[in-house]
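A.B. asks: So here's final16.txt (compact mmCIF, C-alpha atoms).
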# COMPACT_ATOMS: atom_id res chain seq x y z
CA MET R 28 1.30 19.43 7.27
CA ILE R 29 0.41 21.83 4.50
CA LYS R 30 -3.30 22.67 4.35
CA ALA R 31 -5.86 23.90 1.85
CA GLY R 32 -5.49 27.62 1.17
CA GLU R 33 -1.70 27.46 1.25
CA PHE R 34 0.71 27.52 -1.67
CA ILE R 35 3.10 24.74 -2.55
CA GLY R 36 5.39 25.92 -5.31
CA ASP R 37 3.24 27.83 -7.81
CA TYR R 38 0.04 26.05 -6.81
CA LEU R 39 -2.73 27.09 -4.45
CA LEU R 40 -4.12 24.06 -2.63
CA MET R 41 -7.91 23.91 -2.94
CA GLN R 42 -9.44 20.71 -1.55
CA LYS R 43 -8.13 17.42 -0.21
CA MET R 44 -9.02 14.57 -2.58
CA ASN R 45 -7.93 11.37 -0.83
CA PRO R 46 -8.51 9.74 2.59
CA SER R 47 -6.49 11.04 5.53
CA GLU R 48 -4.96 7.64 6.25
CA LYS R 49 -2.96 7.72 3.01
CA THR R 50 0.78 8.27 3.40
CA THR R 51 0.72 10.79 0.56
CA VAL R 52 -1.86 13.55 0.33
CA ILE R 53 -3.57 14.64 -2.90
CA TYR R 54 -5.18 18.05 -3.36
CA SER R 55 -6.99 19.79 -6.14
CA ALA R 56 -4.98 22.93 -6.80
CA LYS R 57 -4.81 25.97 -9.05
CA HIS R 58 -1.74 27.41 -10.75
CA LYS R 59 -1.31 30.98 -9.51
CA LYS R 60 -0.58 32.44 -12.97
CA SER R 61 -2.53 30.35 -15.47
CA ALA R 62 -5.41 29.50 -13.05
CA ILE R 63 -5.41 25.98 -14.50
CA TYR R 64 -6.77 23.36 -12.12
CA VAL R 65 -4.52 20.38 -11.42
CA ALA R 66 -4.17 17.45 -9.04
CA LEU R 67 -1.20 17.79 -6.71
CA LYS R 68 0.31 14.93 -4.74
CA ILE R 69 2.46 15.79 -1.73
CA PHE R 70 5.29 13.64 -0.34
CA ASP R 71 7.05 14.10 3.00
CA THR R 72 10.76 14.30 2.09
CA GLN R 73 11.75 13.77 5.72
CA ASN R 74 10.58 10.20 5.18
CA GLN R 75 13.23 8.50 3.03
CA VAL R 76 10.84 5.91 1.64
CA ALA R 77 8.32 8.61 0.69
CA PHE R 78 11.03 10.64 -1.03
CA GLU R 79 12.27 7.60 -2.98
CA HIS R 80 8.69 6.92 -4.00
CA PHE R 81 8.33 10.49 -5.25
CA VAL R 82 11.45 10.16 -7.39
CA CYS R 83 10.28 6.84 -8.85
CA GLU R 84 6.73 7.95 -9.60
CA VAL R 85 7.95 11.10 -11.36
CA GLN R 86 10.37 9.06 -13.48
CA ILE R 87 7.63 6.59 -14.40
CA LEU R 88 5.01 9.20 -15.33
CA LYS R 89 7.50 11.17 -17.42
CA LYS R 90 7.91 8.09 -19.64
CA LEU R 91 4.18 8.01 -20.38
CA ASN R 92 2.44 10.13 -22.99
CA HIS R 93 -0.88 8.77 -24.18
CA PRO R 94 -4.46 10.11 -24.25
CA ASN R 95 -5.71 7.17 -22.17
CA VAL R 96 -3.13 7.59 -19.39
CA ILE R 97 -3.06 10.34 -16.77
CA ARG R 98 -0.52 13.03 -17.71
CA ILE R 99 2.17 14.54 -15.50
CA LEU R 100 2.46 18.33 -15.72
CA ASP R 101 5.07 19.32 -13.17
CA SER R 102 7.05 18.28 -10.11
CA GLY R 103 9.22 20.03 -7.56
CA GLN R 104 10.46 20.34 -4.02
CA ILE R 105 10.14 22.82 -1.18
CA PRO R 106 11.55 22.49 2.35
CA ASN R 107 10.35 19.16 3.85
CA PHE R 108 8.05 18.33 0.95
CA ALA R 109 8.08 17.22 -2.69
CA TYR R 110 5.12 17.45 -5.03
CA LEU R 111 3.91 15.84 -8.24
CA VAL R 112 1.39 17.63 -10.45
CA THR R 113 -0.93 15.85 -12.89
CA GLU R 114 -3.86 16.91 -14.99
CA PHE R 115 -7.09 17.39 -13.06
CA LEU R 116 -9.65 14.87 -14.27
CA GLU R 117 -13.37 15.19 -13.71
CA GLY R 118 -15.17 11.93 -14.21
CA VAL R 119 -16.33 8.71 -12.61
CA HIS R 120 -14.42 5.54 -11.80
CA LEU R 121 -15.63 2.47 -13.68
CA ASN R 122 -16.61 0.68 -10.48
CA ARG R 123 -19.13 3.48 -9.87
CA ILE R 124 -20.99 3.06 -13.17
CA THR R 125 -21.18 -0.75 -13.15
CA PRO R 126 -24.55 -2.02 -11.86
CA LYS R 127 -23.99 -4.36 -8.91
CA ASN R 128 -24.57 -8.05 -9.72
CA ILE R 129 -25.69 -7.12 -13.23
CA GLY R 130 -22.77 -5.51 -15.03
CA LEU R 131 -22.88 -3.87 -18.43
CA PRO R 132 -23.39 -5.42 -21.88
CA PHE R 133 -20.26 -6.02 -23.91
CA LYS R 134 -21.47 -3.68 -26.69
CA THR R 135 -21.82 -0.86 -24.15
CA LEU R 136 -18.39 -1.59 -22.70
CA TRP R 137 -16.52 -2.11 -25.96
CA PRO R 138 -15.56 1.57 -26.52
CA PHE R 139 -14.20 1.66 -22.96
CA ILE R 140 -12.40 -1.67 -23.35
CA GLU R 141 -10.72 -0.44 -26.54
CA GLN R 142 -9.36 2.61 -24.75
CA ILE R 143 -8.22 0.62 -21.72
CA GLY R 144 -6.32 -1.64 -24.13
CA LEU R 145 -4.74 1.32 -25.91
CA GLY R 146 -3.66 2.93 -22.65
CA LEU R 147 -2.34 -0.29 -21.13
CA ASN R 148 -0.44 -1.12 -24.30
CA ALA R 149 1.21 2.33 -24.23
CA ILE R 150 2.20 1.77 -20.60
CA HIS R 151 3.81 -1.56 -21.49
CA GLN R 152 5.51 -0.10 -24.57
CA ALA R 153 7.18 2.34 -22.18
CA GLN R 154 8.44 -0.68 -20.19
CA ILE R 155 6.17 0.12 -17.26
CA VAL R 156 3.98 -2.37 -15.38
CA HIS R 157 1.02 -0.74 -13.63
CA LEU R 158 0.54 -3.52 -11.02
CA ASP R 159 -2.74 -2.12 -9.67
CA LEU R 160 -5.13 -2.09 -12.62
CA LYS R 161 -8.69 -2.27 -11.29
CA PRO R 162 -12.04 -0.56 -12.00
CA SER R 163 -11.42 2.17 -9.40
CA ASN R 164 -8.13 3.06 -11.13
CA ILE R 165 -9.83 3.55 -14.49
CA LEU R 166 -11.62 6.86 -14.90
CA LEU R 167 -14.35 7.69 -17.40
CA THR R 168 -14.16 11.35 -18.37
CA HIS R 169 -14.91 13.24 -21.58
CA GLN R 170 -13.08 14.94 -24.39
CA GLU R 171 -13.85 18.53 -25.39
CA ASN R 172 -16.36 17.24 -27.97
CA LEU R 173 -18.02 15.27 -25.15
CA ASP R 174 -16.96 11.88 -26.52
CA PRO R 175 -16.15 9.45 -23.68
CA LEU R 176 -12.51 9.25 -22.69
CA ILE R 177 -10.91 6.56 -20.54
CA LYS R 178 -7.93 7.43 -18.33
CA ILE R 179 -5.78 4.89 -16.48
CA ILE R 180 -4.70 6.51 -13.23
CA ASP R 181 -2.81 5.83 -9.98
CA PHE R 182 0.75 4.69 -10.61
CA ASP R 183 1.38 4.44 -6.88
CA ILE R 184 2.95 0.96 -7.09
CA ALA R 185 3.96 0.89 -10.76
CA LYS R 186 7.30 -0.57 -11.78
CA ASP R 187 9.80 0.35 -14.48
CA ILE R 188 10.87 -3.04 -15.82
CA HIS R 189 14.41 -2.05 -16.76
CA ALA R 190 15.19 0.53 -14.07
CA PRO R 191 16.29 0.02 -10.47
CA CYS R 192 13.66 2.55 -9.43
CA ASP R 193 10.67 0.75 -7.90
CA SER R 194 7.70 2.82 -6.76
CA SER R 195 6.22 -0.25 -5.06
CA LYS R 196 9.02 -0.25 -2.49
CA GLU R 197 7.56 -0.41 1.00
CA LYS R 198 4.14 0.09 -0.57
CA PRO R 199 1.04 -2.14 -0.82
CA TRP R 200 1.72 -4.67 -3.56
CA GLY R 201 -1.69 -4.89 -5.17
CA THR R 202 -5.43 -5.29 -4.69
CA PRO R 203 -6.97 -8.65 -3.70
CA GLY R 204 -9.00 -10.02 -6.60
CA TYR R 205 -6.94 -8.18 -9.21
CA ILE R 206 -3.33 -8.87 -8.24
CA ALA R 207 -1.85 -11.75 -10.26
CA PRO R 208 -1.13 -15.03 -8.41
CA GLU R 209 2.62 -14.81 -9.02
CA ARG R 210 2.62 -11.40 -7.33
CA ILE R 211 0.74 -12.84 -4.35
CA LEU R 212 3.44 -15.45 -3.99
CA LYS R 213 6.14 -12.83 -4.68
CA GLU R 214 7.86 -15.42 -6.83
CA SER R 215 8.65 -13.31 -9.87
CA LYS R 216 9.74 -9.85 -10.94
CA ALA R 217 7.27 -7.35 -12.37
CA ASP R 218 5.94 -8.60 -15.68
CA ILE R 219 3.39 -7.14 -18.12
CA ARG R 220 1.50 -10.43 -17.88
CA SER R 221 0.55 -9.44 -14.32
CA ASP R 222 -1.37 -6.54 -15.85
CA ILE R 223 -2.98 -8.93 -18.35
CA TYR R 224 -4.38 -10.91 -15.41
CA ALA R 225 -5.73 -7.70 -13.89
CA PHE R 226 -7.24 -6.64 -17.24
CA GLY R 227 -9.12 -9.96 -17.34
CA ALA R 228 -10.34 -9.41 -13.78
CA VAL R 229 -11.48 -5.89 -14.71
CA LEU R 230 -13.47 -7.29 -17.66
CA ALA R 231 -15.06 -9.92 -15.42
CA PHE R 232 -16.21 -7.22 -13.01
CA LEU R 233 -17.51 -4.85 -15.68
CA LEU R 234 -19.48 -7.62 -17.39
CA THR R 235 -21.02 -9.10 -14.25
CA GLY R 236 -21.05 -6.33 -11.64
CA GLN R 237 -19.38 -8.74 -9.25
CA LYS R 238 -15.86 -8.89 -7.88
CA PRO R 239 -13.93 -11.72 -9.57
CA PHE R 240 -13.45 -13.52 -6.26
CA ALA R 241 -15.85 -13.35 -3.30
CA GLY R 242 -14.55 -13.25 0.24
CA GLU R 243 -15.08 -11.50 3.55
CA THR R 244 -11.38 -10.78 4.07
CA ALA R 245 -8.40 -10.02 1.90
CA GLU R 246 -6.80 -13.27 3.02
CA GLN R 247 -9.81 -15.30 1.84
CA ILE R 248 -9.78 -13.63 -1.55
CA LEU R 249 -6.04 -14.12 -2.03
CA ALA R 250 -6.30 -17.78 -1.04
CA LYS R 251 -9.09 -18.28 -3.59
CA GLN R 252 -6.98 -16.67 -6.29
CA LEU R 253 -4.25 -19.23 -5.71
CA SER R 254 -6.47 -22.30 -5.62
CA GLN R 255 -9.82 -21.66 -7.32
CA TRP R 256 -11.39 -20.39 -10.50
CA PRO R 257 -12.98 -16.91 -10.39
CA ASP R 258 -16.45 -16.98 -8.86
CA VAL R 259 -17.86 -14.82 -11.65
CA MET R 260 -17.12 -17.50 -14.26
CA ASN R 261 -20.37 -19.10 -13.08
CA ASP R 262 -22.32 -15.93 -13.81
CA SER R 263 -25.06 -16.35 -16.40
CA TYR R 264 -23.67 -13.65 -18.71
CA LEU R 265 -20.21 -15.14 -19.02
CA GLY R 266 -21.63 -18.63 -18.91
CA GLU R 267 -23.79 -17.94 -21.95
CA SER R 268 -21.02 -16.07 -23.82
CA LEU R 269 -18.56 -18.93 -24.15
CA GLU R 270 -16.14 -17.06 -26.43
CA LEU R 271 -16.01 -14.12 -24.05
CA GLN R 272 -15.62 -16.48 -21.11
CA LYS R 273 -12.70 -18.07 -22.94
CA ILE R 274 -10.99 -14.69 -23.37
CA VAL R 275 -11.42 -13.74 -19.71
CA SER R 276 -10.30 -17.23 -18.66
CA GLN R 277 -7.12 -17.03 -20.71
CA ALA R 278 -6.28 -13.61 -19.32
CA MET R 279 -6.74 -14.89 -15.76
CA GLN R 280 -4.76 -18.11 -15.97
CA LYS R 281 -2.77 -18.69 -12.79
CA ASN R 282 0.38 -19.50 -14.77
CA PRO R 283 1.48 -16.35 -16.67
CA ASP R 284 2.85 -18.53 -19.49
CA ASN R 285 -0.73 -19.61 -20.24
CA ARG R 286 -2.14 -16.08 -20.49
CA PHE R 287 -2.16 -13.71 -23.42
CA GLN R 288 1.46 -12.62 -23.53
CA ASN R 289 0.74 -8.97 -24.30
CA VAL R 290 -2.13 -6.53 -24.65
CA SER R 291 -2.17 -6.78 -28.45
CA GLU R 292 -2.91 -10.51 -28.31
CA MET R 293 -5.76 -9.96 -25.88
CA MET R 294 -7.23 -7.04 -27.82
CA LYS R 295 -7.13 -9.05 -31.05
CA ALA R 296 -9.27 -11.74 -29.44
CA LEU R 297 -11.66 -9.12 -28.02
CA LEU R 298 -11.91 -7.37 -31.40
CA ILE R 299 -12.85 -10.64 -33.12
CA TYR R 300 -15.50 -11.23 -30.44
CA SER R 301 -16.84 -7.67 -30.84
CA HIS R 302 -17.48 -8.30 -34.53
CA SER R 303 -19.36 -11.52 -33.82
CA SER R 304 -21.45 -10.39 -30.86
What is this structure when it is put down as structure tokens?
C.D. replies:
Amino acid sequence: MIKAGEFIGDYLLMQKMNPSEKTTVIYSAKHKKSAIYVALKIFDTQNQVAFEHFVCEVQILKKLNHPNVIRILDSGQIPNFAYLVTEFLEGVHLNRITPKNIGLPFKTLWPFIEQIGLGLNAIHQAQIVHLDLKPSNILLTHQENLDPLIKIIDFDIAKDIHAPCDSSKEKPWGTPGYIAPERILKESKADIRSDIYAFGAVLAFLLTGQKPFAGETAEQILAKQLSQWPDVMNDSYLGESLELQKIVSQAMQKNPDNRFQNVSEMMKALLIYSHSS
């Protein structure tokens, strides 16, 4: 396997950025001419599934161009390996800044929520479903003027609604607590309403500092998602903010027909609440 200090294409690999058990490896890297730092994801092309995943992820990211979504810069192949290059983002994942069991006030979160909505809407407008929206896949970084900037990252299992290319093929199909019930049951094709469910779960976590569903194992959490209401709906913050609880509840309905049908609908309700809170 290629190691730090080696070149892949025009990029010098600097430091490994993801756990060793991952099937794809991500490095920080530096372009040999411009010296720009990037994130570089390496795929083993001798593995057919990995190569197909590379092709799909590149196609998906090339369709996306929005300030609140991670940006692809380059891609290529060398003998035995393919690589995908994205902008290098310095920041903190939202799960890291959310106080455990306390959460953050809505007024503090609102600028972040707005940007998540803008990014997710752009993803859906491009006919892409993220399928793994969660606090650890939302990064808080900063613009050049130091204003906060939200970036939605990790399109590892994203799906192009109208293309045969499916980057979730032979990949994990979501994260317990955030994956929509219909995806757990594998009873429907990728749908933007699955991301609406996840957006609601993300809000629940950010506001309470608790995972939407408690459980010691993934199986326990998934079972709760199919049969019970989110544990955090009993939290004092959401319990006292009935309008906000209503918004989160609608986003996390088990039947996708009963959810907000798109990001714009959900953001309209959140905007109205922001003016009244």
A.B. asks: Rank nothing, just name the residue among R:Asp262, R:Gly227, R:Phe232, R:Thr244 nearest to Lys281 in chain R, using only C-alpha atoms.
C.D. replies: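 Among the listed residues, R:Gly227 lies closest to Lys281 in chain R.
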A.B. asks: Could you check which residues have any atom within 12 Å of (-10.1, 4.7, -15.4), counting only C-alpha atoms with coordinates taken straight from the file, and then list them as a ChimeraX atom specification?
C.D. replies: /R:94-97,116-124,139-140,142-144,146-147,159-169,175-182,226,229
A.B. asks: So the first atom is CA of Ala185 in chain R and the second is CA of Ser215 in chain R; what is the distance between them in Å, to one decimal place?
C.D. replies: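 The value is 15.0 Å.
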A.B. asks: Could you state the separation of CA of Asn74 in chain R and CA of Val112 in chain R in Å, given to one decimal place?
C.D. replies: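 Separation between CA of Asn74 in chain R and CA of Val112 in chain R: 19.6 Å.
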A.B. asks: For Trp200 in chain R, which residue out of R:Ala231, R:Ala149, R:Val259, R:Ile184 is the nearest one, using all atoms listed in the file?
C.D. replies: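 When distances to Trp200 in chain R are compared using all atoms listed in the file, the smallest one comes from R:Ile184.
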A.B. asks: Nearest to Lys59 in chain R among R:Leu131, R:Cys83, R:Ala228, R:Ile35, with distances taken over all atoms listed in the file: which residue is it?
C.D. replies: R:Ile35
A.B. asks: Just give me the gap between CA of Lys295 in chain R and CA of Lys134 in chain R in Å, one decimal is fine.
C.D. replies: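 So the two atoms, CA of Lys295 in chain R and CA of Lys134 in chain R, lie 15.9 Å apart.
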A.B. asks: Write out as a VMD selection string which residues come within 12 Å of Leu40 in chain R when counting only C-alpha atoms, dropping same-chain ones fewer than 4 positions away.
C.D. replies: chain R and resid 29 to 36 44 52 to 59 62 64 to 69 110 112
A.B. asks: Just checking: using only C-alpha atoms, which residue out of R:Phe81, R:Tyr300, R:Phe240, R:Trp137 ends up closest to Ser268 in chain R?
C.D. replies: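 Of R:Phe81, R:Tyr300, R:Phe240, R:Trp137, the one nearest Ser268 in chain R is R:Tyr300, counting only C-alpha atoms.
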A.B. asks: Name all residues at most 8 Å from Met293 in chain R (count only C-alpha atoms; drop same-chain ones fewer than 4 positions away) and give them as a ChimeraX atom specification.
C.D. replies: /R:274,278,287,289,297
A.B. asks: Give me, as a ChimeraX atom specification, all polymer residues having an atom no more than 12 Å from Ile248 in chain R, counting all atoms listed in the file and skipping those fewer than 4 positions away in the same chain.
C.D. replies: /R:202-208,211,238-244,252-258
A.B. asks: Could you pull the residues within 9 Å of Gln288 in chain R, counting all atoms listed in the file, minus those fewer than 6 positions along the same chain, as a VMD selection string?
C.D. replies: chain R and resid 219 to 220 223 278
A.B. asks: Which residue, R:Leu100, R:Ala109, R:Leu271, R:Ile87, has the smallest gap to Gln75 in chain R when you use all atoms listed in the file?
C.D. replies: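 Smallest distance to Gln75 in chain R is found for R:Ala109.
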